[in-house]
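What follows is a set of notes on a single structure, which appears directly below.
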Amino acid sequence: MIYTDIQSSLNGESVEAILNVAGGWAGGNASDKDFIKNSEMVFKQSVNSTLIVTSLASKFLKENGLLTFSGAAAALGATPGMIGYGAAKAATIHIGKSLAASNSGMPKDSSILTIAPITLDTPMNRKWMPKADTSTWTPLEYIAELFYKWIEDPSSRPTNGSVVKLTTTGGNTELSYH
């Protein structure tokens, strides 16, 4: 149903980019009482949304188009205090790397990139961490500008399949590629 609706809305056209910015957070180690519930929640938020936009991109993204996912820097290592979250973000990273490989079903010359911020400067993060040093949080405006640059200038994109770690210090954001 959704494919038919989108196809009808696009009048047979394809889109230049699909940006998946869905996500959420839940902590918990293996012994926490809500471990399974929280893990299922973050998988729905991160992995299911990634799979949905992947399917949409395989059908509606232009050749040389851009598909982005929201990973997390924490998922590049162990996450014992937030196992479900780390696993969901690691799965998202894996999906991005898999889609960048040949025979993945993606349009020709498309770019699949996963951003991996440490902490995003969102209203919810400010609400739940009011005393945190927000100069180390990546502003959403920075990410929007980065996506815009990648859409407008495909030559500015990192290598297909890259995980782009965003590290913000003193209000300045640096990128590193994994």
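Note on naming: chains are A, B, ... as they come in the structure tokens, residues start from 1 per chain, ligands start from 1 in the order shown.
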Which residues are close to Leu113 (chain A), i.e. within 9 Å by only C-alpha atoms, leaving aside same-chain residues fewer than 2 positions away? Reply as an MDAnalysis selection string. chainID A and resid 66:70 93 96:97 100 111 115 157:164
Going by DSSP on the backbone, which bits of region 18-165 of chain A are alpha helix (DSSP H)? Write them as a count of residues only, please. 57
Under the rule of at most 12 Å, produce a per-residue listing of region 12-52 of chain A near region 141-153 of chain A: chain, number, name, the closest pair of atoms, and the distance in Å, as a Markdown table, using only C-alpha atoms.
| residue | atom | partner | partner_atom | distance |
| --- | --- | --- | --- | --- |
| A:Val15 | CA | A:Ile151 | CA | 10.6 |
| A:Glu16 | CA | A:Ile151 | CA | 7.1 |
| A:Ala17 | CA | A:Ile151 | CA | 6.7 |
| A:Ile18 | CA | A:Ile151 | CA | 9.8 |
| A:Leu19 | CA | A:Phe147 | CA | 8.1 |
| A:Asn20 | CA | A:Phe147 | CA | 11.0 |
| A:Val21 | CA | A:Ile143 | CA | 10.0 |
Mind checking DSSP for chain A and telling me the strand (DSSP E) residues as a PyMOL selection string? chain A and resi 15-19+61-70+111-117+120-121+138-139+163-169+172-177
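Distance annotation: of A:Ala22, A:Leu51, A:Leu140, A:Leu166, the residue with the minimal separation from Ile118 (chain A) is A:Leu166; atom set is only C-alpha atoms.
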Output as CSV one row per residue of region 18-69 of chain A within 12 Å of region 120-123 of chain A: the closest atom pair and its distance in Å to one decimal place, counting only C-alpha atoms, sorted by chain and residue number ascending.
residue,atom,partner,partner_atom,distance
A:Val21,CA,A:Leu120,CA,11.4
A:Gly23,CA,A:Leu120,CA,11.0
A:Gly24,CA,A:Leu120,CA,10.9
A:Trp25,CA,A:Leu120,CA,11.4
Select, from A:Pro154, A:Pro107, A:Gly170, A:Pro117, the residue with the minimum atom-to-atom distance to Ala74 (chain A), counting only C-alpha atoms.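 Distance minimum relative to Ala74 (chain A) lands on A:Pro117.
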How many Å separate CA of Ala90 (chain A) from CA of Ala75 (chain A)? 5.1 Å
